[in-house]
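What follows is entry.txt (compact mmCIF, C-alpha atoms).
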```txt
# COMPACT_ATOMS: atom_id res chain seq x y z
CA MET B 1 -13.88 7.84 46.00
CA LYS B 2 -12.61 4.42 45.03
CA PHE B 3 -12.52 3.10 41.52
CA PHE B 4 -10.71 0.67 39.26
CA LEU B 5 -8.56 1.60 36.28
CA ALA B 6 -8.71 -1.31 33.84
CA THR B 7 -5.42 -0.95 32.01
CA GLY B 8 -2.25 -2.97 32.00
CA SER B 9 -0.22 0.00 30.75
CA ASP B 10 1.93 1.67 33.40
CA HIS B 11 2.23 4.69 31.13
CA LYS B 12 -1.53 5.14 31.05
CA ILE B 13 -1.96 4.63 34.79
CA THR B 14 0.71 7.26 35.48
CA GLU B 15 -0.90 9.73 33.09
CA LEU B 16 -4.43 9.19 34.29
CA ARG B 17 -3.51 9.44 37.98
CA ARG B 18 -1.58 12.63 37.27
CA ILE B 19 -4.53 14.21 35.45
CA LEU B 20 -6.95 13.20 38.20
CA VAL B 21 -4.78 14.72 40.91
CA ALA B 22 -4.35 17.92 38.88
CA ASN B 23 -8.13 18.16 38.71
CA GLY B 24 -8.70 17.71 42.41
CA VAL B 25 -9.91 14.13 42.21
CA ASP B 26 -8.42 12.21 45.06
CA GLY B 27 -9.25 8.76 46.18
CA VAL B 28 -8.15 5.20 45.77
CA VAL B 29 -7.33 4.29 42.21
CA LEU B 30 -6.78 0.58 41.81
CA GLY B 31 -4.95 -0.87 38.83
CA LEU B 32 -4.75 -4.38 37.41
CA GLY B 33 -1.91 -5.13 39.81
CA ASP B 34 -4.18 -4.48 42.81
CA VAL B 35 -6.92 -6.98 42.04
CA ASP B 36 -7.17 -10.72 41.48
CA PRO B 37 -5.43 -11.39 38.19
CA TYR B 38 -7.72 -11.88 35.21
CA PRO B 39 -7.00 -12.28 31.51
CA GLU B 40 -7.43 -9.01 29.66
CA PRO B 41 -10.40 -9.21 27.29
CA VAL B 42 -9.92 -9.34 23.53
CA GLU B 43 -10.12 -5.81 22.13
CA ASP B 44 -11.78 -6.67 18.85
CA GLY B 45 -14.02 -3.63 18.52
CA ASP B 46 -13.97 -1.57 15.34
CA THR B 47 -13.90 1.73 17.24
CA PHE B 48 -12.05 3.24 20.18
CA GLU B 49 -15.38 3.53 22.01
CA ALA B 50 -16.19 -0.16 21.56
CA ASN B 51 -12.78 -1.23 22.86
CA ALA B 52 -12.91 1.10 25.85
CA LEU B 53 -16.30 -0.34 26.76
CA ILE B 54 -15.06 -3.93 26.39
CA LYS B 55 -12.30 -3.21 28.90
CA ALA B 56 -14.44 -1.22 31.34
CA ARG B 57 -17.26 -3.80 31.34
CA GLU B 58 -14.83 -6.62 32.00
CA GLY B 59 -13.19 -4.67 34.83
CA PHE B 60 -16.54 -3.90 36.43
CA ALA B 61 -17.64 -7.53 36.11
CA ARG B 62 -14.43 -8.67 37.79
CA THR B 63 -14.23 -6.11 40.59
CA GLY B 64 -17.71 -4.69 41.15
CA LEU B 65 -16.04 -1.28 41.42
CA PRO B 66 -16.73 1.70 39.18
CA THR B 67 -14.30 0.98 36.36
CA LEU B 68 -12.60 3.37 33.99
CA ALA B 69 -10.85 2.22 30.80
CA ASP B 70 -9.48 4.02 27.80
CA ASP B 71 -8.71 3.07 24.25
CA SER B 72 -6.67 5.46 22.25
CA GLY B 73 -4.55 5.78 19.16
CA ILE B 74 -3.36 7.89 16.31
CA GLU B 75 -5.21 8.51 13.06
CA VAL B 76 -3.00 9.40 10.09
CA ASP B 77 -4.92 10.92 7.21
CA VAL B 78 -2.78 9.56 4.35
CA LEU B 79 -3.29 6.10 5.87
CA ASN B 80 -7.11 6.45 5.81
CA ARG B 81 -7.05 7.25 9.54
CA MET B 82 -5.06 4.14 10.46
CA PRO B 83 -3.28 2.95 12.68
CA GLY B 84 -6.46 3.92 14.63
CA VAL B 85 -7.66 1.13 16.90
CA ARG B 86 -4.61 -0.87 15.82
CA SER B 87 -2.09 1.75 17.03
CA ALA B 88 -0.68 -0.42 19.82
CA ARG B 89 -0.18 -3.38 17.44
CA TRP B 90 0.50 -1.58 14.17
CA ALA B 91 3.61 -3.62 13.33
CA GLY B 92 1.94 -6.85 14.52
CA SER B 93 0.24 -8.14 17.64
CA GLY B 94 3.54 -8.63 19.49
CA ALA B 95 5.06 -5.28 18.53
CA GLY B 96 6.27 -2.73 21.07
CA ASP B 97 6.11 1.08 20.99
CA GLY B 98 9.50 1.40 19.30
CA GLU B 99 8.63 -0.95 16.46
CA ASN B 100 5.25 0.67 15.85
CA LEU B 101 6.79 4.14 15.77
CA ALA B 102 9.62 3.09 13.44
CA LEU B 103 7.15 1.49 11.06
CA LEU B 104 4.93 4.58 10.90
CA ILE B 105 7.98 6.76 10.18
CA ARG B 106 8.97 4.50 7.27
CA GLN B 107 5.45 4.23 5.90
CA ILE B 108 5.05 7.98 5.43
CA ASP B 109 8.67 8.83 4.57
CA ASP B 110 7.58 10.11 1.14
CA VAL B 111 4.62 12.18 2.32
CA ALA B 112 4.84 15.98 1.90
CA PRO B 113 4.65 18.09 5.10
CA GLU B 114 1.21 19.52 4.31
CA LYS B 115 -0.24 16.04 3.94
CA ARG B 116 1.18 14.72 7.24
CA THR B 117 -1.96 15.57 9.20
CA ALA B 118 -2.98 13.33 12.07
CA ARG B 119 -4.82 13.26 15.37
CA PHE B 120 -4.64 11.49 18.68
CA VAL B 121 -7.98 10.08 19.78
CA CYS B 122 -8.93 8.75 23.21
CA ALA B 123 -12.23 7.09 24.05
CA MET B 124 -12.82 6.69 27.76
CA ALA B 125 -15.50 4.44 29.19
CA LEU B 126 -16.85 4.28 32.72
CA VAL B 127 -18.99 1.36 33.84
CA TRP B 128 -20.60 1.24 37.28
CA ASP B 129 -23.73 -0.15 38.89
CA GLY B 130 -25.61 2.95 37.78
CA GLY B 131 -24.81 2.80 34.10
CA GLU B 132 -22.22 3.35 31.40
CA GLN B 133 -20.68 6.50 30.04
CA VAL B 134 -18.30 6.96 27.08
CA VAL B 135 -16.54 10.19 26.13
CA ARG B 136 -14.01 11.09 23.44
CA GLY B 137 -11.02 13.43 23.51
CA VAL B 138 -9.17 14.49 20.37
CA VAL B 139 -6.07 16.55 19.61
CA GLU B 140 -5.32 17.51 16.01
CA GLY B 141 -1.79 17.90 14.70
CA THR B 142 0.85 16.89 12.18
CA LEU B 143 3.62 14.31 12.10
CA ALA B 144 7.27 15.31 12.30
CA GLU B 145 9.71 13.71 9.86
CA ALA B 146 11.90 12.32 12.63
CA PRO B 147 11.12 11.54 16.26
CA ARG B 148 11.95 14.23 18.83
CA GLY B 149 11.80 14.29 22.62
CA GLN B 150 12.07 11.87 25.50
CA GLY B 151 8.71 12.36 27.24
CA GLY B 152 5.42 10.61 26.78
CA PHE B 153 5.16 7.22 25.08
CA GLY B 154 3.82 5.58 21.93
CA TYR B 155 3.67 7.97 19.00
CA ASP B 156 4.38 11.09 21.11
CA PRO B 157 7.88 11.68 19.62
CA LEU B 158 6.31 12.17 16.17
CA PHE B 159 3.21 14.19 17.00
CA ILE B 160 3.16 18.00 16.84
CA PRO B 161 -0.15 19.39 18.15
CA GLU B 162 -1.86 22.20 16.25
CA GLY B 163 -0.38 25.57 17.19
CA GLU B 164 2.82 23.98 18.56
CA THR B 165 6.30 23.46 17.15
CA ARG B 166 7.30 20.78 19.67
CA THR B 167 6.23 17.18 19.69
CA THR B 168 4.21 15.96 22.67
CA ALA B 169 7.34 14.06 23.72
CA GLU B 170 9.12 17.42 24.08
CA MET B 171 6.50 18.87 26.43
CA SER B 172 6.35 18.66 30.18
CA PRO B 173 3.76 16.18 31.48
CA GLU B 174 1.54 19.07 32.59
CA GLU B 175 1.74 20.79 29.20
CA LYS B 176 0.88 17.55 27.45
CA ASP B 177 -2.04 16.78 29.76
CA ALA B 178 -3.53 20.22 29.18
CA ILE B 179 -4.06 19.55 25.48
CA SER B 180 -3.81 15.80 25.06
CA HIS B 181 -6.58 13.52 23.87
CA ARG B 182 -6.39 11.62 27.17
CA GLY B 183 -6.44 14.78 29.26
CA ARG B 184 -9.47 16.06 27.38
CA ALA B 185 -11.35 12.78 27.65
CA LEU B 186 -10.59 12.34 31.33
CA ARG B 187 -11.61 15.87 32.25
CA ALA B 188 -14.91 15.32 30.42
CA MET B 189 -15.36 12.14 32.43
CA ILE B 190 -14.71 13.58 35.89
CA PRO B 191 -18.32 14.60 36.65
CA HIS B 192 -19.48 11.08 35.77
CA LEU B 193 -16.68 9.60 37.84
CA ARG B 194 -17.81 11.63 40.87
CA LEU B 195 -21.37 10.48 40.29
CA SER B 196 -20.39 6.81 39.99
CA THR B 197 -18.49 6.80 43.26
CA GLU B 198 -20.99 8.74 45.37
CA MET D 1 -1.68 -1.06 -33.35
CA LYS D 2 1.24 0.51 -31.53
CA PHE D 3 1.11 1.87 -28.03
CA PHE D 4 3.22 2.56 -25.00
CA LEU D 5 2.91 0.85 -21.64
CA ALA D 6 4.10 3.30 -19.00
CA THR D 7 5.26 0.97 -16.26
CA GLY D 8 8.65 0.07 -14.89
CA SER D 9 7.36 -3.23 -13.51
CA ASP D 10 8.35 -6.29 -15.50
CA HIS D 11 5.61 -8.24 -13.73
CA LYS D 12 2.96 -5.83 -14.95
CA ILE D 13 4.28 -5.73 -18.50
CA THR D 14 4.27 -9.52 -18.64
CA GLU D 15 0.73 -9.71 -17.30
CA LEU D 16 -0.66 -6.99 -19.51
CA ARG D 17 0.94 -8.38 -22.69
CA ARG D 18 -0.40 -11.83 -21.84
CA ILE D 19 -3.94 -10.51 -21.34
CA LEU D 20 -3.83 -8.52 -24.56
CA VAL D 21 -2.68 -11.51 -26.59
CA ALA D 22 -5.39 -13.69 -25.00
CA ASN D 23 -7.95 -11.12 -26.11
CA GLY D 24 -6.77 -10.98 -29.69
CA VAL D 25 -5.02 -7.66 -29.41
CA ASP D 26 -1.78 -7.83 -31.31
CA GLY D 27 0.55 -5.04 -32.13
CA VAL D 28 3.64 -3.33 -30.89
CA VAL D 29 3.65 -2.77 -27.16
CA LEU D 30 6.52 -0.57 -26.06
CA GLY D 31 7.71 -0.45 -22.46
CA LEU D 32 9.90 2.02 -20.61
CA GLY D 33 12.97 0.14 -21.79
CA ASP D 34 12.07 0.86 -25.43
CA VAL D 35 11.94 4.65 -25.26
CA ASP D 36 14.29 7.46 -24.29
CA PRO D 37 14.78 7.17 -20.55
CA TYR D 38 12.74 9.59 -18.45
CA PRO D 39 12.26 9.90 -14.71
CA GLU D 40 9.05 8.26 -13.57
CA PRO D 41 6.59 10.89 -12.34
CA VAL D 42 5.75 11.20 -8.64
CA GLU D 43 2.63 9.13 -7.90
CA ASP D 44 1.16 11.38 -5.28
CA GLY D 45 -2.51 10.97 -6.12
CA ASP D 46 -5.01 10.01 -3.45
CA THR D 47 -6.70 7.44 -5.66
CA PHE D 48 -5.68 4.63 -8.01
CA GLU D 49 -7.34 6.54 -10.85
CA ALA D 50 -5.33 9.72 -10.17
CA ASN D 51 -2.04 7.80 -10.11
CA ALA D 52 -2.82 5.84 -13.27
CA LEU D 53 -3.57 9.13 -15.05
CA ILE D 54 -0.35 10.75 -13.78
CA LYS D 55 1.66 7.90 -15.30
CA ALA D 56 -0.29 7.71 -18.57
CA ARG D 57 -0.17 11.48 -19.14
CA GLU D 58 3.56 11.57 -18.55
CA GLY D 59 4.09 8.64 -20.92
CA PHE D 60 2.01 10.27 -23.63
CA ALA D 61 3.83 13.59 -23.17
CA ARG D 62 7.17 11.80 -23.54
CA THR D 63 6.37 9.50 -26.45
CA GLY D 64 3.39 10.96 -28.32
CA LEU D 65 2.06 7.39 -28.50
CA PRO D 66 -1.24 6.19 -27.07
CA THR D 67 -0.15 5.36 -23.53
CA LEU D 68 -1.58 2.87 -21.09
CA ALA D 69 -0.73 2.89 -17.36
CA ASP D 70 -2.17 1.12 -14.38
CA ASP D 71 -2.18 1.76 -10.66
CA SER D 72 -3.29 -1.03 -8.45
CA GLY D 73 -3.22 -2.31 -4.92
CA ILE D 74 -4.94 -4.18 -2.18
CA GLU D 75 -7.60 -2.79 0.15
CA VAL D 76 -7.87 -4.54 3.52
CA ASP D 77 -11.09 -3.77 5.36
CA VAL D 78 -9.73 -3.96 8.93
CA LEU D 79 -7.06 -1.47 7.84
CA ASN D 80 -9.68 1.04 6.60
CA ARG D 81 -8.99 -0.11 3.01
CA MET D 82 -5.24 0.46 3.25
CA PRO D 83 -2.55 -0.34 1.95
CA GLY D 84 -4.56 1.00 -1.06
CA VAL D 85 -2.55 3.43 -3.17
CA ARG D 86 0.42 2.78 -0.86
CA SER D 87 0.47 -1.00 -1.56
CA ALA D 88 3.81 -0.94 -3.37
CA ARG D 89 5.47 1.07 -0.56
CA TRP D 90 3.51 -0.17 2.45
CA ALA D 91 6.60 -0.88 4.57
CA GLY D 92 8.29 2.34 3.39
CA SER D 93 9.20 3.98 0.10
CA GLY D 94 12.17 1.68 -0.47
CA ALA D 95 10.40 -1.55 0.45
CA GLY D 96 10.15 -4.53 -1.89
CA ASP D 97 7.30 -6.99 -2.43
CA GLY D 98 8.59 -9.39 0.22
CA GLU D 99 8.80 -6.75 2.93
CA ASN D 100 5.37 -5.34 2.14
CA LEU D 101 3.80 -8.80 2.21
CA ALA D 102 5.53 -9.77 5.47
CA LEU D 103 4.36 -6.56 7.12
CA LEU D 104 0.73 -7.05 6.09
CA ILE D 105 0.80 -10.62 7.43
CA ARG D 106 2.07 -9.38 10.81
CA GLN D 107 -0.34 -6.47 10.97
CA ILE D 108 -3.42 -8.66 10.73
CA ASP D 109 -2.10 -11.70 12.58
CA ASP D 110 -4.81 -11.30 15.24
CA VAL D 111 -7.73 -10.76 12.87
CA ALA D 112 -10.45 -13.44 12.78
CA PRO D 113 -11.03 -15.20 9.43
CA GLU D 114 -14.44 -13.61 8.84
CA LYS D 115 -12.94 -10.14 9.20
CA ARG D 116 -10.04 -10.74 6.79
CA THR D 117 -11.93 -9.36 3.81
CA ALA D 118 -10.01 -7.51 1.12
CA ARG D 119 -10.01 -6.65 -2.55
CA PHE D 120 -7.55 -6.07 -5.33
CA VAL D 121 -8.23 -2.88 -7.27
CA CYS D 122 -6.73 -1.80 -10.58
CA ALA D 123 -7.29 1.56 -12.22
CA MET D 124 -6.15 1.71 -15.81
CA ALA D 125 -5.71 4.93 -17.73
CA LEU D 126 -5.29 5.49 -21.44
CA VAL D 127 -4.13 8.83 -22.80
CA TRP D 128 -3.91 9.57 -26.51
CA ASP D 129 -4.29 12.51 -28.84
CA GLY D 130 -8.04 11.92 -28.89
CA GLY D 131 -8.67 11.99 -25.16
CA GLU D 132 -8.35 10.18 -21.86
CA GLN D 133 -10.09 7.12 -20.52
CA VAL D 134 -9.94 5.55 -17.05
CA VAL D 135 -11.48 2.22 -16.04
CA ARG D 136 -11.43 0.22 -12.82
CA GLY D 137 -11.27 -3.54 -12.23
CA VAL D 138 -11.94 -5.13 -8.84
CA VAL D 139 -11.75 -8.63 -7.40
CA GLU D 140 -13.16 -9.27 -3.92
CA GLY D 141 -11.71 -11.88 -1.59
CA THR D 142 -10.19 -12.72 1.77
CA LEU D 143 -6.66 -12.92 3.11
CA ALA D 144 -5.06 -16.26 3.99
CA GLU D 145 -3.22 -16.54 7.32
CA ALA D 146 0.03 -17.57 5.64
CA PRO D 147 1.30 -17.02 2.10
CA ARG D 148 0.73 -19.82 -0.40
CA GLY D 149 1.85 -20.34 -3.98
CA GLN D 150 4.69 -19.31 -6.24
CA GLY D 151 2.83 -17.51 -9.03
CA GLY D 152 1.92 -13.87 -9.44
CA PHE D 153 3.64 -11.13 -7.45
CA GLY D 154 2.97 -8.57 -4.73
CA TYR D 155 0.19 -9.66 -2.38
CA ASP D 156 -0.91 -12.61 -4.57
CA PRO D 157 0.32 -15.29 -2.10
CA LEU D 158 -2.13 -13.99 0.52
CA PHE D 159 -5.22 -13.26 -1.57
CA ILE D 160 -8.04 -15.80 -1.99
CA PRO D 161 -10.63 -14.57 -4.49
CA GLU D 162 -14.32 -14.98 -3.68
CA GLY D 163 -15.53 -18.48 -4.56
CA GLU D 164 -11.97 -19.89 -4.55
CA THR D 165 -9.92 -21.82 -2.01
CA ARG D 166 -6.57 -21.10 -3.66
CA THR D 167 -4.62 -17.86 -3.51
CA THR D 168 -4.01 -16.02 -6.77
CA ALA D 169 -0.37 -17.14 -6.45
CA GLU D 170 -1.57 -20.76 -6.67
CA MET D 171 -3.46 -20.23 -9.93
CA SER D 172 -2.18 -20.54 -13.46
CA PRO D 173 -1.56 -17.20 -15.17
CA GLU D 174 -4.65 -17.75 -17.33
CA GLU D 175 -6.85 -18.55 -14.36
CA LYS D 176 -5.64 -15.46 -12.55
CA ASP D 177 -6.10 -13.20 -15.58
CA ALA D 178 -9.70 -14.39 -16.01
CA ILE D 179 -10.74 -12.98 -12.64
CA SER D 180 -8.03 -10.55 -11.63
CA HIS D 181 -8.48 -6.82 -11.10
CA ARG D 182 -5.92 -6.16 -13.84
CA GLY D 183 -7.55 -8.60 -16.25
CA ARG D 184 -10.95 -7.02 -15.69
CA ALA D 185 -9.67 -3.47 -16.10
CA LEU D 186 -7.67 -4.27 -19.23
CA ARG D 187 -10.54 -6.09 -20.91
CA ALA D 188 -12.76 -3.07 -20.22
CA MET D 189 -10.09 -0.87 -21.79
CA ILE D 190 -9.61 -2.85 -25.01
CA PRO D 191 -12.31 -1.07 -27.06
CA HIS D 192 -10.78 2.29 -26.12
CA LEU D 193 -7.33 0.97 -26.92
CA ARG D 194 -8.48 -0.05 -30.40
CA LEU D 195 -10.03 3.37 -30.88
CA SER D 196 -6.90 5.21 -29.77
CA THR D 197 -4.65 3.34 -32.18
CA GLU D 198 -6.90 3.49 -35.26
```
Take the structure in this file and express it as structure tokens.
Amino acid sequence: MKFFLATGSDHKITELRRILVANGVDGVVLGLGDVDPYPEPVEDGDTFEANALIKAREGFARTGLPTLADDSGIEVDVLNRMPGVRSARWAGSGAGDGENLALLIRQIDDVAPEKRTARFVCAMALVWDGGEQVVRGVVEGTLAEAPRGQGGFGYDPLFIPEGETRTTAEMSPEEKDAISHRGRALRAMIPHLRLSTE
Amino acid sequence: MKFFLATGSDHKITELRRILVANGVDGVVLGLGDVDPYPEPVEDGDTFEANALIKAREGFARTGLPTLADDSGIEVDVLNRMPGVRSARWAGSGAGDGENLALLIRQIDDVAPEKRTARFVCAMALVWDGGEQVVRGVVEGTLAEAPRGQGGFGYDPLFIPEGETRTTAEMSPEEKDAISHRGRALRAMIPHLRLSTE
């Protein structure tokens, strides 16, 4: 099984490879660093699904390999489900994880605990010569008042999954993968991934 | 005609008084500085209307006078209609106009002109011994890429009303009042205001 992972995020590549291995999927997973350089496409879709497809289609067009891409983010209910597709650029198009997280903390600093509901969403798209497939993984939770934990990335230090007291940044990678939006989406995608690389 | 304007914003008091005078409403308009000091109520409503009512009810309970209050903000379509009710605290509960404006500019710095649609919304509530009335005023428009103009306040330097090329901060006060969300809401409220102070 050989396929291409169209993401420039080392964090995502690490997570996705880890989840694949844990689910018995072995094979050659190429990343952007393994292929001829190409400019990443503009992610101007209005939904996670649209953006995942933009990235997977571009990767397939460039490499001819079955290509997997994800688009994910956090939806905060008191912000009308934003940052959403703008999660990675919430504080501006040049902003990093730390800036985005700090901004979100400030923006909801007056919001009562019971209204701090949120969810992580991951749309994962697979494009190959046999077709296209898009799946979604979701994990519901609430937002802590201050960041906690050193694991994960992005908004993990703020996010407490339903039924948990820890943030996803306080969990082990395996614990996080078992319930995370990305873990759920990728596991739903595995049968299609096997099919695409047969 | 004597009534109470339950707002701590000098900008709003100035605008509302100006619109009333332009519409032939004269009388005694009291502001928060003219009555016994009281803590402003928590504006934790999910809608402009709910927040305007919270403020007007509190003002009426404190003064016994017919009380007018507004809650207003900007809805940006690519942000799922946020900042919305959080417009005045978009960068955090302690943020000022300049910080909120600068943040919004950064957050949409990658958004194409045709997707930069937005609207100003004002809900205005009147509470008196005869009842309660809530009206809404809206002005549709788009967001400029950089702030322009010295007039107005809040997000005015970024907002270009439909059919205009200038921002509302580049208009004269009278021009702005004629089309603004607050002007529209207040003019719709004037008959009720006359009724409440008869």
**Report entry** Protein and nucleic acid residues near (-5.3, 11.4, 36.1) (cut-off 12 Å, only C-alpha atoms) as an MDAnalysis selection string
**Finding:** chainID B and resid 5 11:29 68:70 173:174 177:178 180 182:190 193
Within 12 Å of chain B, which residues of chain D show up? Give each one with its shortest atom-to-atom distance in Å (one decimal) and the two atoms involved, counting all atoms listed in the file, rows by chain then rising residue number, as JSON lines.
```
{"residue": "D:Val42", "atom": "CA", "partner": "B:Asp110", "partner_atom": "CA", "distance": 10.0}
{"residue": "D:Glu43", "atom": "CA", "partner": "B:Asp110", "partner_atom": "CA", "distance": 10.4}
{"residue": "D:Asp44", "atom": "CA", "partner": "B:Val111", "partner_atom": "CA", "distance": 8.4}
{"residue": "D:Gly45", "atom": "CA", "partner": "B:Val78", "partner_atom": "CA", "distance": 10.6}
{"residue": "D:Asp46", "atom": "CA", "partner": "B:Val78", "partner_atom": "CA", "distance": 8.1}
{"residue": "D:Thr47", "atom": "CA", "partner": "B:Val78", "partner_atom": "CA", "distance": 11.0}
{"residue": "D:Glu75", "atom": "CA", "partner": "B:Asn80", "partner_atom": "CA", "distance": 10.8}
{"residue": "D:Val76", "atom": "CA", "partner": "B:Asn80", "partner_atom": "CA", "distance": 11.3}
{"residue": "D:Asp77", "atom": "CA", "partner": "B:Asp46", "partner_atom": "CA", "distance": 10.6}
{"residue": "D:Val78", "atom": "CA", "partner": "B:Asp46", "partner_atom": "CA", "distance": 8.0}
{"residue": "D:Leu79", "atom": "CA", "partner": "B:Met82", "partner_atom": "CA", "distance": 6.5}
{"residue": "D:Asn80", "atom": "CA", "partner": "B:Asn80", "partner_atom": "CA", "distance": 6.0}
{"residue": "D:Arg81", "atom": "CA", "partner": "B:Asn80", "partner_atom": "CA", "distance": 7.4}
{"residue": "D:Met82", "atom": "CA", "partner": "B:Leu79", "partner_atom": "CA", "distance": 6.5}
{"residue": "D:Pro83", "atom": "CA", "partner": "B:Leu79", "partner_atom": "CA", "distance": 7.6}
{"residue": "D:Gly84", "atom": "CA", "partner": "B:Leu79", "partner_atom": "CA", "distance": 8.7}
{"residue": "D:Val85", "atom": "CA", "partner": "B:Leu79", "partner_atom": "CA", "distance": 9.5}
{"residue": "D:Arg86", "atom": "CA", "partner": "B:Leu79", "partner_atom": "CA", "distance": 8.4}
{"residue": "D:Ser87", "atom": "CA", "partner": "B:Gln107", "partner_atom": "CA", "distance": 10.4}
{"residue": "D:Ala88", "atom": "CA", "partner": "B:Gln107", "partner_atom": "CA", "distance": 10.7}
{"residue": "D:Arg89", "atom": "CA", "partner": "B:Gln107", "partner_atom": "CA", "distance": 7.2}
{"residue": "D:Trp90", "atom": "CA", "partner": "B:Gln107", "partner_atom": "CA", "distance": 5.9}
{"residue": "D:Ala91", "atom": "CA", "partner": "B:Gln107", "partner_atom": "CA", "distance": 5.4}
{"residue": "D:Gly92", "atom": "CA", "partner": "B:Gln107", "partner_atom": "CA", "distance": 4.2}
{"residue": "D:Ser93", "atom": "CA", "partner": "B:Asp110", "partner_atom": "CA", "distance": 6.4}
{"residue": "D:Gly94", "atom": "CA", "partner": "B:Arg106", "partner_atom": "CA", "distance": 8.8}
{"residue": "D:Ala95", "atom": "CA", "partner": "B:Arg106", "partner_atom": "CA", "distance": 9.2}
{"residue": "D:Glu99", "atom": "CA", "partner": "B:Leu103", "partner_atom": "CA", "distance": 11.7}
{"residue": "D:Asn100", "atom": "CA", "partner": "B:Gln107", "partner_atom": "CA", "distance": 10.3}
{"residue": "D:Ala102", "atom": "CA", "partner": "B:Ala91", "partner_atom": "CA", "distance": 10.2}
{"residue": "D:Leu103", "atom": "CA", "partner": "B:Ala91", "partner_atom": "CA", "distance": 6.9}
{"residue": "D:Leu104", "atom": "CA", "partner": "B:Ala91", "partner_atom": "CA", "distance": 8.5}
{"residue": "D:Ile105", "atom": "CA", "partner": "B:Gly92", "partner_atom": "CA", "distance": 8.1}
{"residue": "D:Arg106", "atom": "CA", "partner": "B:Gly92", "partner_atom": "CA", "distance": 4.5}
{"residue": "D:Gln107", "atom": "CA", "partner": "B:Gly92", "partner_atom": "CA", "distance": 4.2}
{"residue": "D:Ile108", "atom": "CA", "partner": "B:Gly92", "partner_atom": "CA", "distance": 6.8}
{"residue": "D:Asp109", "atom": "CA", "partner": "B:Gly92", "partner_atom": "CA", "distance": 6.6}
{"residue": "D:Asp110", "atom": "CA", "partner": "B:Ser93", "partner_atom": "CA", "distance": 6.4}
{"residue": "D:Val111", "atom": "CA", "partner": "B:Asp44", "partner_atom": "CA", "distance": 8.3}
{"residue": "D:Ala112", "atom": "CA", "partner": "B:Asp44", "partner_atom": "CA", "distance": 9.2}
{"residue": "D:Lys115", "atom": "CA", "partner": "B:Asp44", "partner_atom": "CA", "distance": 10.3}
```
Report task. Just give me the gap between atom CA of D:Glu114 and atom CA of D:Gly96 in Å, one decimal is fine. Result ->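 About the pair atom CA of D:Glu114 and atom CA of D:Gly96: they are 28.3 Å apart.
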Query raised in the report: Hey, which of B:Lys176, B:Lys2, B:His181, B:Lys55 ends up closest to B:Ser72? Count only C-alpha atoms.
Result: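 Among the listed residues, B:His181 lies closest to B:Ser72.
The residue that comes closest to B:Thr7, out of B:Asp97, B:Glu58, B:Thr165, B:Ala50 and on the basis of only C-alpha atoms, is B:Glu58.
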Query raised in the report: Looking at all atoms listed in the file, which of D:Phe48, D:Gly154, D:Ser9, D:Phe159 is the one that sits closest to D:Gly33?
Result: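 So, comparing all the options, the nearest one is D:Ser9.
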Report task. Could you tell me how far atom CA of B:Gly137 lies from atom CA of B:Val121, in Å and to one decimal? Result ->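 So the answer is 5.9 Å.
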Requested in this report: Show which residues sit within 10 Å of D:Ser196, as an MDAnalysis selection string. Count only C-alpha atoms, and ignore same-chain residues fewer than 2 positions away.
Outcome: chainID D and resid 1:3 65:67 126:133 190:194 198
Output C-alpha atoms of each residue in that selection to a file, as a PDB file, in the coordinates of the input.
```
ATOM      1  CA  MET D   1      -1.680  -1.060 -33.350  1.00  0.00           C
ATOM      2  CA  LYS D   2       1.240   0.510 -31.530  1.00  0.00           C
ATOM      3  CA  PHE D   3       1.110   1.870 -28.030  1.00  0.00           C
ATOM      4  CA  LEU D  65       2.060   7.390 -28.500  1.00  0.00           C
ATOM      5  CA  PRO D  66      -1.240   6.190 -27.070  1.00  0.00           C
ATOM      6  CA  THR D  67      -0.150   5.360 -23.530  1.00  0.00           C
ATOM      7  CA  LEU D 126      -5.290   5.490 -21.440  1.00  0.00           C
ATOM      8  CA  VAL D 127      -4.130   8.830 -22.800  1.00  0.00           C
ATOM      9  CA  TRP D 128      -3.910   9.570 -26.510  1.00  0.00           C
ATOM     10  CA  ASP D 129      -4.290  12.510 -28.840  1.00  0.00           C
ATOM     11  CA  GLY D 130      -8.040  11.920 -28.890  1.00  0.00           C
ATOM     12  CA  GLY D 131      -8.670  11.990 -25.160  1.00  0.00           C
ATOM     13  CA  GLU D 132      -8.350  10.180 -21.860  1.00  0.00           C
ATOM     14  CA  GLN D 133     -10.090   7.120 -20.520  1.00  0.00           C
ATOM     15  CA  ILE D 190      -9.610  -2.850 -25.010  1.00  0.00           C
ATOM     16  CA  PRO D 191     -12.310  -1.070 -27.060  1.00  0.00           C
ATOM     17  CA  HIS D 192     -10.780   2.290 -26.120  1.00  0.00           C
ATOM     18  CA  LEU D 193      -7.330   0.970 -26.920  1.00  0.00           C
ATOM     19  CA  ARG D 194      -8.480  -0.050 -30.400  1.00  0.00           C
ATOM     20  CA  GLU D 198      -6.900   3.490 -35.260  1.00  0.00           C
TER      21      GLU D 198
END
```
Report task. Considering only C-alpha atoms, return as a PyMOL selection string whatever protein or nucleic-acid residues lie within 8 Å of D:Arg119, sequence-local ones (same chain, fewer than 5 positions apart) excluded. Result -> chain D and resi 74-76+138-142
Query raised in the report: Distance atom CA of D:Gly151-atom CA of D:Glu170, one decimal place?
Result: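 Between atom CA of D:Gly151 and atom CA of D:Glu170 the gap works out to 6.0 Å.
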Query - Point (-3.4, -19.1, -2.1), cut-off 6 Å, counting all atoms listed in the file, residues as a count of residues only - result: 10
